[in-house]
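*Asks:* Would you mind keeping the following structure in view while I ask a few things?
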Amino acid sequence: MSAPFIPPPLIAFPLIRDWVSFASDGEVHLLSGRVELGQGITTALIQIAADELDVDMGAICLTQGHTEISPAEGPTVGSLSVTFGGQSIRLATSAARIVMLRHAADLLQATPDDLSVQDGDILKDGQETGMSYASLSQSVNLAVAALEYATPKLSDERRVAGKAAPRVDLAARLGAGYLLHDMMVEGMWHGRVIQPPSLTAIATDVPDLRDGAVLVRDGQFLSVVAQDEYIALSEANRLANVITWKDIPVSNTHPIEGLDGPIVESETLYDAENLDAGSTEVSITLTKPVLSHASIGPSCAVAQWDGDALTVWAHSQNVFALKASLARVLNHPVEKITVIFAPGAGCYGHNSSDDVALDAALMARGAGRPVRALWQRQDEFLHAPFNPAMRTAMTARLDEDGKIVSFDADVISPPHSTRPAGMDEPNLRAQQFLFDPMPMGPGNDAPQPMGGADRNAVPGYEIAAVRVVRNRPAVVPYRTSAMRGLGAFTNVIALESLMESCAEAAGMDAIEYRLAHLTDPRAISVIEALRDMVEPRDMADGVGYGFGYARYKNSAGYLGCIARVIVEDEVRVSDVWCVADVGEAINPNGTINQLEGGIVQAISWALKEEVRFAGGQNLTESWDDYPILKFSEVPEMHTRLIGPQDEMPLGAGEISSGPAGAAVVNAVRNALGVVPDRLPLSRHALVTLLS
Amino acid sequence: MSGKITFTLNGTLVSASAKPTTPLLFALRNTLDHKGTRLGCGEGHCGACTVVLDGFPVTSCNLPLSAVEGKNIATVEGILDAGHPLIAALLTHQAGQCGYCLPGILTRAATMIDAGDTVDTIRDGLDANLCRCGAQGRILAAITDVVAQRDTQ
Ligand code: FES
Ligand code: FES
C-alpha cells in the first residue's frame with residue numbers, strides 16, 4: 001500500500017453526512033459534487049459505496065452536482081473524479097458503516113467485531129438482529145468527522161469495486177427521459193440564441209417576430225423564445241439572416257499564424273542549469289490546429305424564475321462555479337440561485353454547457369416563463385470555446401552512447417483554461433453582449449506538474465537536464481478551452497516523435513530505447529506487456545506500426561499504445577493495442593470503455609479534425625466541415641489493464657489521447673519514412689509531407 | 001398555417017397539428033411525447049434523429065411532417081417496446097458512454113438487422129450515425145452478436 005492519501009474534497013467536507021445518509025426505507029443517499037458526463041462515474045461511485053457499506057448497488061441513490069445539496073467539490077475534470085471524489089466517498093462510507101456498527105454494538109451489548117452487514121441489515125455472529133442502517137437511520141449522528149472512523153476495506157476484501165459492473169445509467173440512455181434535453185417544466189417555452197458575429201457587432205434592423213415568438217434582448221444578446229420549438233428555431237434563423245450587424249471587425253490572423261506572431265508572455269517552467277550539448281542533437285516540431293469539442297448533442301439548459309429565485313438545470317462540469325458566475329453576470333444574489341446538474345451529451349472538457357445556462361436564465365427572465373435553451377449545431381462549431389492551436393518544438397541532445405543528456409521543449413499555445421470561475425471571472429459567452437458588457441477573462445494554465453498547454457511537455461523519461469518554456473501568443477482570434485488532456489495530446493505526440501528520432505540516431509530499437517530511459521517499474525511493466533502483445537508484425541507495403549507511451553501528467557495513469565496503420569490515399573488505423581496501469585480500476589469494464597473512447601477520439605483528432613479558418617474568421621459550421629472518425633473507420637481495439645488493485649486509482653478518461661495520437665503519428669512515419677510535423681494527417685497533409 | 005397530419009407511429013394511428021414544414025423530429029418529441037429520438041444537428045448529418053419510414057431508416061430532423069401523411073413511422077420507442085435483441089446486446093457489451101447517439105444507432109442497426117443486412121453493410125450504413133464518445137467498437141460487437149444469432153436461426 002502507498003502512504004495514506006487524504007482527498008482534498010474530504011478536507012473541505014469532513015463530515016460523514018456531507019457524503020452519505022440513510023433513509024428509513026432502506027435507501028442509501030449518496031452525495032457527490034462530481035457529475036456524470038458519460039464517463040461512468042455514477043456507477044463507479046455507487047460501486048465504491050456499496051462495497052464499503054455492504055449494501056446492494058441498487059439500494060444506493062446518488063445525487064450529483066446539486067449546488068444546495070452536494071459537496072462543492074469543484075469541477076469534474078482532469079481524470080480526478082475517482083481519485084478525489086471516489087476516495088472521499090470511500091472514506092466517508094467506510095466511516096458511516098463503522099459509526100453505525102458501533103451504535104448497534106452498544107444497543108446489542110456486543111462488540112463491533114461481532115457484527116457484520118449484509119444488504120444493509122446488521123448481523124451478529126451471522127444472525128439477524130432486527131437492526132439495519134434503515135432502523136438506525138434516525139438515531140445515529142453522522143455529523144462526525146469521517147476521517148476519525150474511516151477504515152476502508154483492503155483491496156482483497158472488496159466484492160464490488162474492482163469488478164466489472166454494468167453502467168447503472170446505460171439502459172436509460174437508450175430512450176426518452178434521462179437527459180436534460182428531454183426535461184419539461186410546467187409552462188416551459190423553447191429558446192434559441194442568435195450569436196453576434198463578433199464582440200463589438202451591433203444588431204440593427206431587427207424585424208418583428210411572427211407566430212407568437214418573443215424576442216428577448218439585452219444589449220447585443222438576442223434570442224427568440226416560443227412555445228413551439230420549431231417556431232423558436234425558424235424565427236431565430238430568419239432573424240439571423242435578416243439582421244444587419246455593423247462594426248464586425250475580424251482579425252486577419254489565422255490561429256496557426258498567431259503561433260508564429262508576437263509572444264506576450266514567455267514562462268520558463270523547468271530550467272536546468274546546464275543543458276549539456278552532448279554529441280548529437282535531435283529536434284522535432286509539431287503543430288496542431290484548433291479542435292472542436294463536437295459533442296453529438298448541442299448544449300442545453302432549462303431555467304426557471306420563481307419570483308427572484310432562479311433555478312437552472314445544466315449539464316455543466318462545475319455547477320458550483322456556474323452558480324457564482326450566473327450571480328455575477330445577472331447581478332443577482334448568489335443565495336437566490338440554484339444550479340442542478342442533469343446529464344447531457346458526452347462532454348470532453350469545457351464546452352458551451354455553461355454558456356447556454358446563462359442564455360436560458362436571460363431568456364427565462366425576459367420571457368417571464370421557464371425556458372429550455374438549446375444551441376444549434378452551427379453555434380457549437382462557430383461559437384463554443386475550442387481546444388487551441390498549438391506548436392511544440394523539442395530538442396534532445398545525446399551522448400556518445402545515445403543516451404539523452406539534455407532536453408528542452410518550447411510550447412507555443414494560448415492558455416487552455418478559460419472556465420467560468422465565479423465572481424471574478426464568470427466567463428460565460430453572453431456576458432460580453434449584454435447592455436452592461438463584461439469582458440471575458442484572459443484564461444490561464446495550471447502550474448506544473450499539472451500544466452495546461454505545457455501538460456506532459458516535461459518528459460516522463462529519465463533525463464538529467466530539462467528545460468520547458470511556455471509561450472503565449474499575442475493574437476488569438478477565438479475563445480480557447482480545456483479539452484480532454486489539454487496540451488498533453490500535442491506534447492506527448494511531439495515527445496514520442498522525438499524519442500523515435502533519438503532511437504534512430506542511437507541506432508537502437510525504438511521500444512528498447514524508451515525502456516533505457518525509464519526506471520519506474522510500473523512504466524516498464526506497461527511497455528513490456530504491450531511489446532509482448534504485438535509480436536510478430538506484418539510488413540506489407542503501406543503498413544506501419546507506431547508506438548506511444550506516457551504517464552499522464554507524469555503523476556496519473558501509465559499507458560502505452562501500438563497502432564497499425566495502412567497508408568494509401570488516406571491513413572487508416574486498423575488496430576490499436578493498449579496496455580494501461582491506472583492503479584485500482586473501480587469498474588475495469590468502464591475503465592476500458594473510457595480508454596478506448598479516448599483512443600478513437602485521438603485517432604479522429606490526429607487524422608481528420610481541424611476547425612477551418614480564413615484569417616481569423618471561423619468557417620466551420622456543420623459536420624460537413626468537420627468530419628470525425630466514422631463507424632467504418634474505427635480500428636480493432638485490444639486493451640489490457642495491468643495495474644495493481646491495491647494502488648491508488650489514477651483516473652482514466654484523459655490518459656489515452658496522447659499515447660494513441662503518438663502511436664498513430666509514429667505508425668505513419670514508419671509506413672512513409674517521413675516525420676509528420678503537422679496535424680491532422682489528412683490526405684492533403686500526406687501529399688504535402690511526401691513532396 | 002397549421003395543418004393536421006395523420007400517420008402511423010409504432011403501429012398506432014396518430015395525428016399532429018403543426019406547421020407542415022415542421023420537421024417530424026419536433027412533432028415526435030414535443031407534440032407526440034416521443035422524446036427518444038434526439039436532435040443532434042438538425043441538418044441530416046449525424047443520425048441522432050434516425051427513425052424508420054415505411055421500413056427504411058431516415059433522419060427525421062430534415063423530414064417535414066407533411067411528408068409522412070399516411071405513412072408508417074417507427075421510432076426507438078417502438079424498438080424498445082418490442083424488446084429487439086440488439087438492446088440486450090448493447091447492454092451486454094456496455095456499448096456506449098453518453099448514449100446521446102444510441103437511439104439513432106439502435107434504430108438504424110435494428111432495422112438493418114431485421115432486413116437481413118450483414119455486419120459489413122450495417123457498419124457502412126452506420127457511417128450516417130456519428131458517435132463522439134468512441135463507442136463504435138463495442139456497438140459493432142453487439143451488432144455482430146445479434147447478426148450471428150439471427151443467422152443461426
Ligand atoms: S439531428 Fe438529424 S441528422 Fe443530425
Ligand atoms: S456514446 Fe456518446 S456520442 Fe455515442
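By convention here, the chains of the C-alpha cells are called A, B, ... in the order presented, each chain's residues are numbered starting at 1, and ligands are numbered starting at 1 in the order presented.
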Show me, as a ChimeraX atom specification, every residue of chain B with an atom at most 7 Å from chain A, counting only C-alpha atoms.
*Replies:* /B:22,26,35-36,39-41,45,76-77,91,94,97-103,123-124,126-127,130-137
*Asks:* Mind checking which residues fall within 9 Å of Pro57 in chain B, counting only C-alpha atoms, ignoring those fewer than 6 positions away in the same chain, and posting them as a list in words?
*Replies:*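 Non-adjacent residues within range: Thr50, Val51, Thr107, Arg108, Ala109, Thr111 and Met112 of chain B.
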*Asks:* Neighbours of ligand 1 within 7 Å, counting only C-alpha atoms and all ligand atoms, as number ranges by chain?
*Replies:* B: 38-50, 59-62
*Asks:* Applying 8 Å and only C-alpha atoms, which residues near His638 in chain A remain after dropping the ones on its own chain fewer than 6 positions away? List them as a ChimeraX atom specification.
*Replies:* /A:575-578
*Asks:* Export, as a PDB file, in the first residue's frame, the selected residues with N, CA, C and O atoms.
*Replies:*
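Written output follows (again_0.pdb):
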ATOM      1  N   ASP A 575      -5.640  -1.362 -36.291  1.00  0.00           N
ATOM      2  CA  ASP A 575      -5.587  -1.980 -34.966  1.00  0.00           C
ATOM      3  C   ASP A 575      -4.901  -1.039 -33.978  1.00  0.00           C
ATOM      4  O   ASP A 575      -3.948  -0.360 -34.347  1.00  0.00           O
ATOM      5  N   VAL A 576      -5.389  -1.079 -32.761  1.00  0.00           N
ATOM      6  CA  VAL A 576      -4.657  -0.419 -31.679  1.00  0.00           C
ATOM      7  C   VAL A 576      -4.565  -1.389 -30.516  1.00  0.00           C
ATOM      8  O   VAL A 576      -5.560  -1.981 -30.099  1.00  0.00           O
ATOM      9  N   TRP A 577      -3.340  -1.579 -30.033  1.00  0.00           N
ATOM     10  CA  TRP A 577      -3.117  -2.373 -28.822  1.00  0.00           C
ATOM     11  C   TRP A 577      -2.793  -1.382 -27.707  1.00  0.00           C
ATOM     12  O   TRP A 577      -2.059  -0.414 -27.926  1.00  0.00           O
ATOM     13  N   CYS A 578      -3.329  -1.647 -26.563  1.00  0.00           N
ATOM     14  CA  CYS A 578      -3.171  -0.678 -25.475  1.00  0.00           C
ATOM     15  C   CYS A 578      -2.983  -1.427 -24.163  1.00  0.00           C
ATOM     16  O   CYS A 578      -3.721  -2.369 -23.874  1.00  0.00           O
TER      17      CYS A 578
END
*Asks:* Give the answer as one residue: which of B:Leu106, B:Val68, B:Gly11, B:Ile143 has the shortest atom-to-atom distance to Thr121 in chain B, using only C-alpha atoms?
*Replies:*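 Under the stated criterion, the closest residue is B:Ile143.
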*Asks:* Which residues are near Ala367 in chain A? Cut-off 8 Å, only C-alpha atoms, ignore same chain within fewer than 5 positions. Put them as a list of chain:residue names.
*Replies:*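 After dropping sequence-adjacent residues, the list is A:Val214, A:Val216, A:Val225.
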*Asks:* Pull the strand (DSSP E) assignments for range 27-153 of chain B out of DSSP run on the backbone, and list those residues as a ChimeraX atom specification.
*Replies:* /B:50-53,56-59,72-74
*Asks:* Within 12 Å of Arg419 in chain A, counting only C-alpha atoms, which residues qualify if same-chain residues fewer than 3 places away don't, as a PyMOL selection string?
*Replies:* chain A and resi 74-77+316-319+321-322+325+349-355+384-386+415-416+422+424-429+440-446+479-483
*Asks:* Go ahead and save the residues from that selection, with C-alpha atoms, as a CSV table (one decimal), in the first residue's frame.
*Replies:*
chain,number,residue,atom,x,y,z
A,74,GLY,CA,-15.4,21.8,-7.8
A,75,PRO,CA,-15.1,20.7,-11.4
A,76,THR,CA,-15.4,17.2,-12.8
A,77,VAL,CA,-12.1,17.4,-14.8
A,316,SER,CA,-22.1,21.8,-16.6
A,317,GLN,CA,-18.8,20.3,-15.4
A,318,ASN,CA,-19.0,22.6,-12.4
A,319,VAL,CA,-22.4,23.7,-11.1
A,321,ALA,CA,-18.7,27.8,-10.3
A,322,LEU,CA,-21.6,28.2,-12.7
A,325,SER,CA,-20.8,33.1,-12.4
A,349,GLY,CA,-14.0,19.4,-21.5
A,350,HIS,CA,-15.1,23.0,-21.2
A,351,ASN,CA,-17.7,23.3,-23.9
A,352,SER,CA,-20.7,25.5,-24.2
A,353,SER,CA,-22.7,23.9,-21.5
A,354,ASP,CA,-22.2,26.8,-19.1
A,355,ASP,CA,-22.8,29.4,-21.8
A,384,ALA,CA,-18.2,27.3,-28.4
A,385,PRO,CA,-14.8,27.5,-26.9
A,386,PHE,CA,-12.1,25.5,-28.7
A,415,PRO,CA,-3.9,29.1,-22.3
A,416,HIS,CA,-6.3,26.2,-22.2
A,422,GLY,CA,-17.3,32.5,-10.4
A,424,ASP,CA,-14.1,37.3,-10.6
A,425,GLU,CA,-14.2,35.7,-13.9
A,426,PRO,CA,-17.6,34.4,-14.9
A,427,ASN,CA,-16.6,33.7,-18.5
A,428,LEU,CA,-20.0,33.0,-19.9
A,429,ARG,CA,-20.2,33.8,-23.6
A,440,MET,CA,-14.1,37.6,-20.7
A,441,GLY,CA,-11.1,36.8,-18.5
A,442,PRO,CA,-7.7,36.1,-20.1
A,443,GLY,CA,-7.6,32.5,-19.0
A,444,ASN,CA,-4.7,30.7,-17.5
A,445,ASP,CA,-2.9,27.4,-17.3
A,446,ALA,CA,-2.5,25.4,-14.2
A,479,ARG,CA,-12.1,31.5,-27.5
A,480,THR,CA,-10.0,28.7,-26.1
A,481,SER,CA,-10.9,26.0,-23.7
A,482,ALA,CA,-9.7,22.9,-21.8
A,483,MET,CA,-10.4,19.8,-23.8
*Asks:* Quick one: pull the distance between CA of His383 in chain A and CA of Arg238 in chain A, Å, one decimal.
*Replies:*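 It comes out at 18.8 Å.
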*Asks:* Can you pull out the residues contacting Arg90 in chain A? Cut-off 7 Å, using only C-alpha atoms, and skip same-chain residues under 4 positions away; I want them as a list of chain:residue names.
*Replies:*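 Using only C-alpha atoms, the neighbours found are A:Ile48, A:Ala49, A:Glu52, A:Gly86, A:Ser94, A:Pro152.
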*Asks:* Looking at only C-alpha atoms, which of B:Ser66, B:Leu53, B:Thr75, B:Ala128 is the one that sits closest to Asp33 in chain B?
*Replies:*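 Of the candidates, the smallest distance to Asp33 in chain B is held by B:Thr75.
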*Asks:* Near Arg17 in chain A, within 10 Å and counting only C-alpha atoms, which residues show up once chain neighbours fewer than 4 positions away are dropped, as a list in words?
*Replies:* Phe13, Ser21, Phe22, His29, Leu30, Leu31, Ala92, Thr93, Ala96, Asn141, Leu142, Ala143, Val144, Ala145 and Ala146 of chain A
*Asks:* So, with only C-alpha atoms as the atoms that count, which of A:Asp56, A:Asp454, A:Asp247, A:Glu654 lies closest to Arg159 in chain A?
*Replies:*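 Smallest distance to Arg159 in chain A is found for A:Asp56.
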*Asks:* Could you tell me which of B:Gly104, B:Gly125, B:Gly96, B:Gly116 comes closest to ligand 2 if we count only C-alpha atoms and all ligand atoms?
*Replies:*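 Among the listed residues, the smallest separation from ligand 2 belongs to B:Gly96.
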*Asks:* Have a look at B:Thr118, B:Thr8, B:Asn129, B:Ser17 and name the one nearest to ligand 2; count only C-alpha atoms and all ligand atoms.
*Replies:* B:Asn129
*Asks:* Give me, please, the distance in Å between CA of Val168 in chain A and CA of Thr338 in chain A, quoted to one decimal.
*Replies:* 26.1 Å
